[in-house]
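Chemist: structure32.pdb is reproduced in full below (PDB, C-alpha atoms and all ligand atoms).
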ATOM      1  CA  MET H   7       0.144  14.364   7.884
ATOM      2  CA  LEU H   8      -0.812  12.495  11.008
ATOM      3  CA  ILE H   9      -4.322  11.183  10.641
ATOM      4  CA  ASN H  10      -5.439   9.716  13.951
ATOM      5  CA  GLU H  11      -2.400   9.412  16.242
ATOM      6  CA  ILE H  12      -4.350   6.673  17.998
ATOM      7  CA  CYS H  13      -4.948   3.197  16.610
ATOM      8  CA  PRO H  14      -8.664   2.627  15.867
ATOM      9  CA  VAL H  15      -8.202  -1.108  16.471
ATOM     10  CA  CYS H  16      -6.538  -1.214  19.901
ATOM     11  CA  GLY H  17      -6.192   2.434  20.984
ATOM     12  CA  GLY H  18      -2.392   2.218  21.009
ATOM     13  CA  PRO H  19      -0.068   5.026  19.900
ATOM     14  CA  THR H  20       0.884   5.300  16.224
ATOM     15  CA  VAL H  21       4.040   6.542  14.526
ATOM     16  CA  LEU H  22       4.604   7.777  10.995
ATOM     17  CA  LYS H  23       6.715   5.229   9.152
ATOM     18  CA  LYS H  24       7.752   4.400   5.629
ATOM     19  CA  VAL H  25       6.138   1.086   4.775
ATOM     20  CA  THR H  26       6.000  -1.167   1.749
ATOM     21  CA  GLU H  27       2.562  -2.080   0.541
ATOM     22  CA  ILE H  28       1.927  -4.957  -1.849
ATOM     23  CA  ILE H  29      -0.982  -4.520  -4.247
ATOM     24  CA  ARG H  30      -2.278  -7.451  -6.248
ATOM     25  CA  GLY H  31      -4.513  -7.208  -9.287
ATOM     26  CA  GLY H  32      -5.147 -10.066 -11.697
ATOM     27  CA  LYS H  33      -1.867 -11.942 -12.088
ATOM     28  CA  HIS H  34       0.284  -8.901 -11.343
ATOM     29  CA  THR H  35       1.729  -7.516  -8.134
ATOM     30  CA  ALA H  36       2.869  -3.953  -7.493
ATOM     31  CA  ILE H  37       5.074  -2.809  -4.637
ATOM     32  CA  VAL H  38       4.487   0.729  -3.356
ATOM     33  CA  GLN H  39       6.472   2.633  -0.751
ATOM     34  CA  VAL H  40       4.358   4.992   1.310
ATOM     35  CA  GLU H  41       4.397   6.854   4.583
ATOM     36  CA  ALA H  42       1.704   5.473   6.842
ATOM     37  CA  GLU H  43       0.835   5.572  10.494
ATOM     38  CA  VAL H  44       1.748   2.284  12.108
ATOM     39  CA  CYS H  45       0.409   1.241  15.495
ATOM     40  CA  LEU H  46       3.206   0.496  17.944
ATOM     41  CA  HIS H  47       0.974  -1.931  19.792
ATOM     42  CA  CYS H  48      -0.733  -4.135  17.169
ATOM     43  CA  GLY H  49       0.992  -3.122  13.928
ATOM     44  CA  GLU H  50      -2.194  -1.834  12.263
ATOM     45  CA  ARG H  51      -1.388   0.446   9.327
ATOM     46  CA  LEU H  52      -3.408   3.604   8.717
ATOM     47  CA  TYR H  53      -3.290   5.149   5.281
ATOM     48  CA  THR H  54      -4.426   8.495   3.996
ATOM     49  CA  PRO H  55      -7.591   8.489   1.844
ATOM     50  CA  GLU H  56      -5.390   9.706  -1.035
ATOM     51  CA  PHE H  57      -3.193   6.625  -0.764
ATOM     52  CA  VAL H  58      -6.206   4.309  -0.513
ATOM     53  CA  ARG H  59      -7.524   5.849  -3.753
ATOM     54  CA  LYS H  60      -4.101   5.488  -5.380
ATOM     55  CA  CYS H  61      -4.026   1.810  -4.395
ATOM     56  CA  GLU H  62      -7.412   1.264  -6.010
ATOM     57  CA  GLN H  63      -6.163   2.889  -9.210
ATOM     58  CA  ILE H  64      -3.021   0.742  -9.214
ATOM     59  CA  LYS H  65      -5.075  -2.401  -8.583
ATOM     60  CA  ALA H  66      -7.426  -1.521 -11.460
ATOM     61  CA  LYS H  67      -4.424  -0.967 -13.760
ATOM     62  CA  LEU H  68      -2.911  -4.304 -12.761
ATOM     63  CA  GLU H  69      -6.198  -6.067 -13.465
ATOM     64  CA  LYS H  70      -6.387  -4.440 -16.896
ATOM     65  CA  GLU H  71      -2.670  -5.229 -17.467
ATOM     66  CA  GLU H  72      -1.857  -1.539 -17.901
ATOM     67  CA  THR H  73       1.554  -2.039 -16.367
ATOM     68  CA  LYS H  74       3.645   0.119 -18.707
ATOM     69  CA  ASP H  75       3.787   2.984 -16.161
ATOM     70  CA  PHE H  76       5.308   0.691 -13.537
ATOM     71  CA  GLN H  77       8.951  -0.221 -13.078
ATOM     72  CA  PRO H  78       9.570  -3.984 -12.980
ATOM     73  CA  VAL H  79      11.639  -4.906  -9.917
ATOM     74  CA  GLU H  80      11.387  -8.653  -9.627
ATOM     75  CA  VAL H  81       9.490 -11.618 -10.967
ATOM     76  CA  ALA H  82       7.482 -13.769  -8.604
ATOM     77  CA  TYR H  83       6.903 -17.420  -9.362
ATOM     78  CA  GLN H  84       4.516 -19.838  -7.806
ATOM     79  CA  ALA H  85       6.183 -23.224  -7.323
TER      80      ALA H  85
HETATM   81 ZN    ZN L 101      -3.291  -0.980  17.397
END
Show the structure stored in the file as structure tokens.
Modeler:
Amino acid sequence: MLINEICPVCGGPTVLKKVTEIIRGGKHTAIVQVEAEVCLHCGERLYTPEFVRKCEQIKAKLEKEETKDFQPVEVAYQA
């Protein structure tokens, strides 16, 4: 599922990697593991349109506090 193979930011080569994306919505944070293209040169991450849509859905759920579908992994505090 390679999308570009070339970084749109710097033109460097990209590799498919499993990355952790943090999505914030309201006072909640979700952590999602996804395969994305990562630029070897500048570290830019390129996601599929499907994943971008999924992120928007997750963010909307977090904002509406519809978190029952998500697995709690840790609690973050601001100190
Ligand atoms: Zn780059």
Chemist: Between H:Glu50, H:Glu27, H:Glu11, H:Glu43, which is the closest to ligand ZN 101 (chain L) once you count all atoms listed in the file?
Modeler: H:Glu50
Chemist: For the interface of chain H with ligand ZN 101 (chain L) (cut-off 9 Å, counting only C-alpha atoms and all ligand atoms), please tabulate each contacting residue of chain H alongside its nearest pair of atoms and their separation in Å to one decimal, rows sorted by chain and increasing number, as CSV.
Modeler:
residue,atom,partner,partner_atom,distance
H:Ile12,CA,L:ZN101,ZN,7.7
H:Cys13,CA,L:ZN101,ZN,4.6
H:Pro14,CA,L:ZN101,ZN,6.6
H:Val15,CA,L:ZN101,ZN,5.0
H:Cys16,CA,L:ZN101,ZN,4.1
H:Gly17,CA,L:ZN101,ZN,5.7
H:Gly18,CA,L:ZN101,ZN,4.9
H:Pro19,CA,L:ZN101,ZN,7.3
H:Thr20,CA,L:ZN101,ZN,7.6
H:Val44,CA,L:ZN101,ZN,8.0
H:Cys45,CA,L:ZN101,ZN,4.7
H:Leu46,CA,L:ZN101,ZN,6.7
H:His47,CA,L:ZN101,ZN,5.0
H:Cys48,CA,L:ZN101,ZN,4.1
H:Gly49,CA,L:ZN101,ZN,5.9
H:Glu50,CA,L:ZN101,ZN,5.3
H:Arg51,CA,L:ZN101,ZN,8.4
Chemist: Need to verify the contact set: Lys24 (chain H), 8 Å, all atoms listed in the file, exclusion of same-chain residues closer than 3 positions in sequence. Can you return it as a ChimeraX atom specification?
Modeler: /H:39-42
Chemist: For region 41-50 of chain H, take all atoms listed in the file, fit an axis-aligned box around them, add 4 Å to each of the six sides, then output centre and edge lengths in Å rounded to one decimal, as lines of an AutoDock Vina configuration file.
Modeler:
center_x = 1.1
center_y = 1.4
center_z = 12.2
size_x = 14.6
size_y = 19.0
size_z = 23.2
Chemist: Please enumerate the residues selected by the PyMOL selection byres (((chain H and resi 61-69) around 10) and not hetatm) when evaluated against the supplied file, formatted as number ranges by chain.
Modeler: H: 27-38, 55-60, 70-76
Chemist: Please rebuild region 24-43 of chain H with N, CA and C atoms and return the result as an mmCIF file, keeping the file's coordinate frame.
Modeler:
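Output file result-v3.cif is given in full below:
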data_model
loop_
_atom_site.group_PDB
_atom_site.id
_atom_site.type_symbol
_atom_site.label_atom_id
_atom_site.label_comp_id
_atom_site.auth_asym_id
_atom_site.auth_seq_id
_atom_site.Cartn_x
_atom_site.Cartn_y
_atom_site.Cartn_z
ATOM 1 N N LYS H 24 7.767 4.770 7.038
ATOM 2 C CA LYS H 24 7.752 4.400 5.629
ATOM 3 C C LYS H 24 7.525 2.893 5.547
ATOM 4 N N VAL H 25 6.464 2.509 4.870
ATOM 5 C CA VAL H 25 6.138 1.086 4.775
ATOM 6 C C VAL H 25 6.030 0.676 3.310
ATOM 7 N N THR H 26 6.139 -0.616 3.082
ATOM 8 C CA THR H 26 6.000 -1.167 1.749
ATOM 9 C C THR H 26 4.676 -1.894 1.664
ATOM 10 N N GLU H 27 3.882 -1.476 0.706
ATOM 11 C CA GLU H 27 2.562 -2.080 0.541
ATOM 12 C C GLU H 27 2.565 -2.905 -0.736
ATOM 13 N N ILE H 28 1.998 -4.089 -0.676
ATOM 14 C CA ILE H 28 1.927 -4.957 -1.849
ATOM 15 C C ILE H 28 0.491 -4.953 -2.358
ATOM 16 N N ILE H 29 0.348 -4.608 -3.640
ATOM 17 C CA ILE H 29 -0.982 -4.520 -4.247
ATOM 18 C C ILE H 29 -1.077 -5.593 -5.323
ATOM 19 N N ARG H 30 -2.101 -6.404 -5.246
ATOM 20 C CA ARG H 30 -2.278 -7.451 -6.248
ATOM 21 C C ARG H 30 -3.517 -7.154 -7.090
ATOM 22 N N GLY H 31 -3.375 -7.365 -8.392
ATOM 23 C CA GLY H 31 -4.513 -7.208 -9.287
ATOM 24 C C GLY H 31 -4.327 -8.173 -10.440
ATOM 25 N N GLY H 32 -5.295 -9.055 -10.661
ATOM 26 C CA GLY H 32 -5.147 -10.066 -11.697
ATOM 27 C C GLY H 32 -3.952 -10.938 -11.373
ATOM 28 N N LYS H 33 -3.043 -11.118 -12.346
ATOM 29 C CA LYS H 33 -1.867 -11.942 -12.088
ATOM 30 C C LYS H 33 -0.643 -11.091 -11.785
ATOM 31 N N HIS H 34 -0.834 -9.798 -11.584
ATOM 32 C CA HIS H 34 0.284 -8.901 -11.343
ATOM 33 C C HIS H 34 0.326 -8.420 -9.896
ATOM 34 N N THR H 35 1.523 -8.033 -9.488
ATOM 35 C CA THR H 35 1.729 -7.516 -8.134
ATOM 36 C C THR H 35 2.531 -6.232 -8.240
ATOM 37 N N ALA H 36 2.112 -5.201 -7.532
ATOM 38 C CA ALA H 36 2.869 -3.953 -7.493
ATOM 39 C C ALA H 36 3.326 -3.697 -6.057
ATOM 40 N N ILE H 37 4.529 -3.137 -5.948
ATOM 41 C CA ILE H 37 5.074 -2.809 -4.637
ATOM 42 C C ILE H 37 5.156 -1.290 -4.539
ATOM 43 N N VAL H 38 4.550 -0.721 -3.511
ATOM 44 C CA VAL H 38 4.487 0.729 -3.356
ATOM 45 C C VAL H 38 5.053 1.108 -1.993
ATOM 46 N N GLN H 39 5.938 2.103 -2.005
ATOM 47 C CA GLN H 39 6.472 2.633 -0.751
ATOM 48 C C GLN H 39 5.634 3.842 -0.362
ATOM 49 N N VAL H 40 5.219 3.892 0.876
ATOM 50 C CA VAL H 40 4.358 4.992 1.310
ATOM 51 C C VAL H 40 4.602 5.278 2.788
ATOM 52 N N GLU H 41 4.357 6.513 3.168
ATOM 53 C CA GLU H 41 4.397 6.854 4.583
ATOM 54 C C GLU H 41 3.021 6.579 5.168
ATOM 55 N N ALA H 42 2.977 5.797 6.208
ATOM 56 C CA ALA H 42 1.704 5.473 6.842
ATOM 57 C C ALA H 42 1.891 5.528 8.346
ATOM 58 N N GLU H 43 0.782 5.666 9.033
ATOM 59 C CA GLU H 43 0.835 5.572 10.494
ATOM 60 C C GLU H 43 0.785 4.094 10.859
#
